[in-house]
Amino acid sequence: MIFQPAIIALLLGSLVVTIMVLAASGFGVQVLRRWNIGSGSELQVKLERQTYLISTLMGFACTIELVSLLLFVFNADRMASQFVGAMCAVGTLNANEFGFPALTLKLINFFLAGIWLILNYVDNKGYDYPLIKPKYLLLLVLAPLMATEFGLQLAYFLGLEADIITSCCGSIFGSDANTVASEMGSLPLSTSMIIFYSVMTLTLLAGVFFILTGKGGIVFAAMSGIGFVAAIQGVISFISIYIYEHPHHHCPFDVIQGGYNYIGYPLYIPLFSAALLGLGVGGLLPFRQKQSLSEVIPLVGRRFAIVSVAGFALFLTVATLSIVFSNLIMFEK
Amino acid sequence: MNSWLEKQRSIIDFTIASLLRRKGRNLGLLVVYTAIIFLLASVMLFSHSVKREAQVVLAGSPEVIVQRMVAGRHDLISQDYAEKLKGVRGARNVTPRLWGYYFDPTVSANYTVMVPDDRTIAPKNIVVGEGIARARGAGIGDVLAFRGYDGTLFSFSIAEVLASDSELVSADLMLVSEEDYRSFFGIPDGLFTDIVMTVRNQREVRTVAQKIATALPDTRPILREEILRTYDSLFDWREGMMLVLLAGSVLAFSIFAWEKASGLSAEEKREIGILKAVGWETSDVIRMKFWEGGLVSMFAFLLGYLLAYLHVFHMSAGLFETVLKGWAVLYPDFSPTPFIDGFQVVTLFFFTVFPYTVATIVPIWRAAIIDPDAVMRS
Amino acid sequence: MIYLDNVHKIFNQGKVNEFQAIKGVDLTLEGGKISVLKGPSGSGKTTLLTMIGGLSRPTSGRVRLQDRDLSSLPERFLTEIRRKTFGFVFQQFNLIKGLSVLDNVMVPALPTGRDHKEVRDQAAALLGRLKIAHKSGARVEWLSGGEAQRVAIARALVNDPEIVIADEPTANLDSALSEEFLEIIHGVKQEGRTVLMTSHDPVVCDAQVVDRVVSMRDGALVDGHQA
């Protein structure tokens, strides 16, 4: 394995976070079994105290998850020079079969952890801990996923040997390679753009409708998820080539590098936040019947939706401006 | 939003006052914390800077080096190989090279002797690197004597000493004319050490290498990108090793942090009890304690990093040079050029602030759940 | 205004040293009045006080403030209500050493998110009203008993609470200072606040300003029924 500080840091971080989440779930199980909000018994007081620990642990774990997601991608990009044929993070991730699964699971866990934080935030606003059961059930789902993520990362890093011939984004994302990724890239440009802009517009409309009327929250949440996928597809299939000003450079990771003015950040940060908050709205809606949350959820939901719509809009703006101001010409008039 | 900000501000105010009230206690922690960060940051800054240096220097080395192999060992290569190589599509600037090693018993050091292709050297003259000049205590005009391949004494006069900003590669370099080289080492005409070349199209390097290997099966082409990768790997590995060795101290520090956070004096416990009795919630106390840790961390991080920076770039990392540069007799006297990047800082964070915070989570929570009831009764 | 329904408090429940501190208390306390819980030490008056003030929860039974059930609230919300509604003056004053008088007074307001300057001004005003403004920069360790108590009262008032609770307020004071204290308390009542105290000091229990005295013994009210 490659003995690099960043890799050690990532593995260490992932291990610690996994242990934390497992410990938190352990407490969570106790809470689920014995929780009785009406009782003033010493056990109940003790359980309530434990929830503070769980919240703190989870808040911490989620922050680390987020940072390590960034670090993971950054590191993969940096290390590309050590692999023959790798020109960016994609090459590094392809060095063995665990690379992309690890990244995918990291993304999923990022969203799940974010949703947990949202549930926790809303739960704290209701005076009788109304979301305590769903919260800790989610935790029980998250724990094995985190452990798996650690396992995948470990397998990936242990299996990394420098000098391995790997494929670079040109060959995966170019239209002659036979992978899903290449199919995404090989749709005719105009079709890609039409799909992208349609989906994004629908998402924005769903959001605005929800903000104004308070209805259709589930639709908006679903559109947030779909919008996220469409956005990533958009980045890979055409936004990237305009940013790089190169018709075959589809890599979604290089945009976070300095060579491209770090445009990846104003692109991805709003997108991820928007998707997370949009999904969060969906996560909250099933609970709006609870008495203590009857006012809170519509209020919070609306607030989240506003930020989410703003995020998607910002992403769209940055992407479109990158295309408009690019020197690349793909369509001859 | 505004009230949330006010609340944070108020709690931070209180936290700062609280930290200042217990200067003695917090000072010990701060010193240890800063020391750990200093240590780790020095390692990282130094190895990154050396790695960068190596990359910059290697950028000037030839793209492809072709060596002839006999029974698995590097042997001399003949002129006609160069002709064949010129015929390979994509190969450019095919140039044979003459270079070798000379062991100087007077200073127990190995010199790299080379025939340069970018300058002519007068017969019986040599151009040496700073390392050799220092080791032999010689300068321009001085005469050095070496023993040739057959035992005869050769005298060379130093015509020039290479500039010190290229020391990393030139410290042990000795440049001679082709004639002198051949007579000193006994290499007949038409034979060379290896052949170098560039490639027309960067992306075709590997294909060209393959063609060379097919055309000349008893040679091995070495690619610059391979060397770069290997150096990268090597430095990374060394850096990783050092950090792992320092892991012991990070662990000790974490335990220390845990102890500090857990060992609340009776006075501190009473204070938390009072806070809770007058209306602070458990999460407010937790927040305050995290701000405490955060402020200490920030301060230690800045201070430790600054000290490490000064140490590495202004004092040439006196503490670790030996380990990280590799064991040799002729040390290039080089000052690492400052090079920081965000990625490095984040990794440093993971090794220092992260363990500290993890170690303090449970003790902070335990402190925060103190029962205000007890305060009423005391 | 404050209602207790069949309140019990058991310490170390289920263990060998289980102890029943409060045994089934029913009580109604009127707003805007000064009430005193009287009884010898060990009678449970301090425990009852902590439950009324939201510092602890009853093992069973309910504590209601107006129409709000305090006893079933989790700590998070209980604390918020307590902060806004109650002001505490402890027997030992419990001021934070190392902080100035002014800073001490501001402590309960810090987590409320109120504007810092506004809180500072209010604290200074309270100290002025209690005639102790000249000591606002002083460290609390240097105060005399009477001065410390005034600071404690100022701190209790900083969040403008409806109800002021004082535990054995005259235990560490001489008669002259006790009288002064009663005057201050009367002033607090005249602002429209409710005052609840525990004491076994006759100076307090027999004072004119006190509207009502409730006697306790061994964890129960002496009269046995709603008084």
# chains A, B, ... in the order shown; residues from 1 in each chain; ligands from 1
call {"tool": "interface_residues", "arguments": {"of": "chain C", "to": "chain A", "cutoff": "6 Å", "atoms": "only C-alpha atoms", "output": "PyMOL selection string"}}
result
chain C and resi 57-59+72
call {"tool": "closest_atom_pairs", "arguments": {"of": "chain C", "to": "chain B", "cutoff": "6 Å", "atoms": "only C-alpha atoms", "output": "CSV"}}
result
residue,atom,partner,partner_atom,distance
C:Thr79,CA,B:Gly279,CA,5.8
C:Arg83,CA,B:Gly279,CA,4.7
C:Pro108,CA,B:Val278,CA,5.4
C:Leu110,CA,B:Ser10,CA,5.5
C:Pro111,CA,B:Lys7,CA,5.5
C:Gly113,CA,B:Lys7,CA,4.0
call {"tool": "atom_distance", "arguments": {"atom1": "atom CA of Ile194 of chain A", "atom2": "atom CA of Thr320 of chain A"}}
result
12.8 Å
call {"tool": "residues_around", "arguments": {"residues": "Trp142 of chain C", "least_positions_apart": "4", "cutoff": "12 Å", "atoms": "only C-alpha atoms", "output": "VMD selection string"}}
result
chain C and resid 95 97 to 101 135 to 138 146 to 148
call {"tool": "residues_around", "arguments": {"residues": "Val208 of chain A", "least_positions_apart": "6", "cutoff": "9 Å", "atoms": "only C-alpha atoms", "output": "VMD selection string"}}
result
chain A and resid 220 305 to 306 309
call {"tool": "residues_around", "arguments": {"residues": "Gly99 of chain A", "least_positions_apart": "3", "cutoff": "9 Å", "atoms": "only C-alpha atoms", "output": "MDAnalysis selection string"}}
result
chainID A and resid 90 92:96 102:104 152:153 155:157
call {"tool": "write_last_selection", "arguments": {"atoms": "N, CA, C and O atoms", "output": "PDB file, in the first residue's frame"}}
result
ATOM      1  N   VAL A  90      -9.955  10.274 -11.362  1.00  0.00           N
ATOM      2  CA  VAL A  90     -10.647   9.103 -11.922  1.00  0.00           C
ATOM      3  C   VAL A  90      -9.678   7.944 -12.111  1.00  0.00           C
ATOM      4  O   VAL A  90      -9.972   6.795 -11.797  1.00  0.00           O
ATOM      5  N   THR A  92      -6.892   7.417 -10.491  1.00  0.00           N
ATOM      6  CA  THR A  92      -6.515   6.879  -9.195  1.00  0.00           C
ATOM      7  C   THR A  92      -7.614   5.977  -8.646  1.00  0.00           C
ATOM      8  O   THR A  92      -7.348   4.910  -8.110  1.00  0.00           O
ATOM      9  N   LEU A  93      -8.851   6.415  -8.792  1.00  0.00           N
ATOM     10  CA  LEU A  93      -9.948   5.630  -8.248  1.00  0.00           C
ATOM     11  C   LEU A  93     -10.118   4.316  -8.982  1.00  0.00           C
ATOM     12  O   LEU A  93     -10.623   3.339  -8.443  1.00  0.00           O
ATOM     13  N   ASN A  94      -9.712   4.296 -10.246  1.00  0.00           N
ATOM     14  CA  ASN A  94      -9.860   3.070 -11.020  1.00  0.00           C
ATOM     15  C   ASN A  94      -8.740   2.084 -10.788  1.00  0.00           C
ATOM     16  O   ASN A  94      -8.754   0.996 -11.352  1.00  0.00           O
ATOM     17  N   ALA A  95      -7.756   2.462  -9.990  1.00  0.00           N
ATOM     18  CA  ALA A  95      -6.586   1.600  -9.824  1.00  0.00           C
ATOM     19  C   ALA A  95      -6.957   0.235  -9.280  1.00  0.00           C
ATOM     20  O   ALA A  95      -6.284  -0.743  -9.547  1.00  0.00           O
ATOM     21  N   ASN A  96      -7.989   0.182  -8.463  1.00  0.00           N
ATOM     22  CA  ASN A  96      -8.520  -1.142  -8.140  1.00  0.00           C
ATOM     23  C   ASN A  96     -10.031  -1.072  -7.997  1.00  0.00           C
ATOM     24  O   ASN A  96     -10.614   0.009  -8.018  1.00  0.00           O
ATOM     25  N   ALA A 102     -16.060   2.947  -3.013  1.00  0.00           N
ATOM     26  CA  ALA A 102     -15.778   3.696  -1.780  1.00  0.00           C
ATOM     27  C   ALA A 102     -16.285   5.124  -1.911  1.00  0.00           C
ATOM     28  O   ALA A 102     -16.916   5.658  -0.998  1.00  0.00           O
ATOM     29  N   LEU A 103     -16.017   5.739  -3.052  1.00  0.00           N
ATOM     30  CA  LEU A 103     -16.469   7.115  -3.253  1.00  0.00           C
ATOM     31  C   LEU A 103     -17.984   7.206  -3.236  1.00  0.00           C
ATOM     32  O   LEU A 103     -18.574   8.083  -2.610  1.00  0.00           O
ATOM     33  N   THR A 104     -18.641   6.277  -3.911  1.00  0.00           N
ATOM     34  CA  THR A 104     -20.104   6.287  -3.962  1.00  0.00           C
ATOM     35  C   THR A 104     -20.691   6.148  -2.563  1.00  0.00           C
ATOM     36  O   THR A 104     -21.606   6.889  -2.181  1.00  0.00           O
ATOM     37  N   LEU A 152     -14.356  -0.528   2.774  1.00  0.00           N
ATOM     38  CA  LEU A 152     -14.069  -0.295   1.359  1.00  0.00           C
ATOM     39  C   LEU A 152     -12.827   0.580   1.194  1.00  0.00           C
ATOM     40  O   LEU A 152     -11.966   0.318   0.360  1.00  0.00           O
ATOM     41  N   GLN A 153     -12.762   1.638   2.023  1.00  0.00           N
ATOM     42  CA  GLN A 153     -11.599   2.511   1.927  1.00  0.00           C
ATOM     43  C   GLN A 153     -10.332   1.739   2.240  1.00  0.00           C
ATOM     44  O   GLN A 153      -9.310   1.893   1.569  1.00  0.00           O
ATOM     45  N   ALA A 155      -9.786  -1.489   1.977  1.00  0.00           N
ATOM     46  CA  ALA A 155      -9.481  -2.403   0.874  1.00  0.00           C
ATOM     47  C   ALA A 155      -8.879  -1.642  -0.295  1.00  0.00           C
ATOM     48  O   ALA A 155      -7.911  -2.074  -0.907  1.00  0.00           O
ATOM     49  N   TYR A 156      -9.457  -0.477  -0.558  1.00  0.00           N
ATOM     50  CA  TYR A 156      -8.958   0.316  -1.677  1.00  0.00           C
ATOM     51  C   TYR A 156      -7.514   0.742  -1.452  1.00  0.00           C
ATOM     52  O   TYR A 156      -6.651   0.522  -2.290  1.00  0.00           O
ATOM     53  N   PHE A 157      -7.254   1.326  -0.277  1.00  0.00           N
ATOM     54  CA  PHE A 157      -5.910   1.846  -0.044  1.00  0.00           C
ATOM     55  C   PHE A 157      -4.884   0.742   0.097  1.00  0.00           C
ATOM     56  O   PHE A 157      -3.751   0.871  -0.339  1.00  0.00           O
TER      57      PHE A 157
END
call {"tool": "residues_around", "arguments": {"residues": "segment 231-236 of chain A", "least_positions_apart": "4", "cutoff": "9 Å", "atoms": "only C-alpha atoms", "output": "JSON, numbers by chain"}}
result
{"A": [173, 181, 184, 185, 192, 193, 195, 196, 197, 199, 200, 226, 227, 240, 241, 249, 250, 251, 252, 271, 315, 316, 319]}
call {"tool": "select_by_dssp", "arguments": {"residues": "segment 121-177 of chain C", "states": "helix (DSSP H, G or I)", "output": "ChimeraX atom specification"}}
result
/C:121-129,133-135,140-142,145-157,175-177
call {"tool": "closest_residue", "arguments": {"among": "B:Leu144, B:Val296, B:Val312, B:Leu251", "to": "Val50 of chain B", "atoms": "only C-alpha atoms"}}
result
B:Val312
call {"tool": "interface_residues", "arguments": {"of": "chain B", "to": "chain A", "cutoff": "9 Å", "atoms": "only C-alpha atoms", "output": "PyMOL selection string"}}
result
chain B and resi 44+225-226+228-230+232-233+235-241+243-244+282-283+286+343-344+346-348+350-351+354+358+361-362+365-366+369
call {"tool": "residues_around", "arguments": {"residues": "Gly24 of chain C", "least_positions_apart": "6", "cutoff": "8 Å", "atoms": "only C-alpha atoms", "output": "number ranges by chain"}}
result
C: 5-8, 61, 220
call {"tool": "closest_residue", "arguments": {"among": "C:Val151, C:Met1, C:Ile52, C:Ile34", "to": "Val188 of chain C", "atoms": "only C-alpha atoms"}}
result
C:Ile34
call {"tool": "closest_residue", "arguments": {"among": "C:Val119, C:Val222, C:Val89, C:Leu127", "to": "Gln149 of chain C", "atoms": "only C-alpha atoms"}}
result
C:Val89
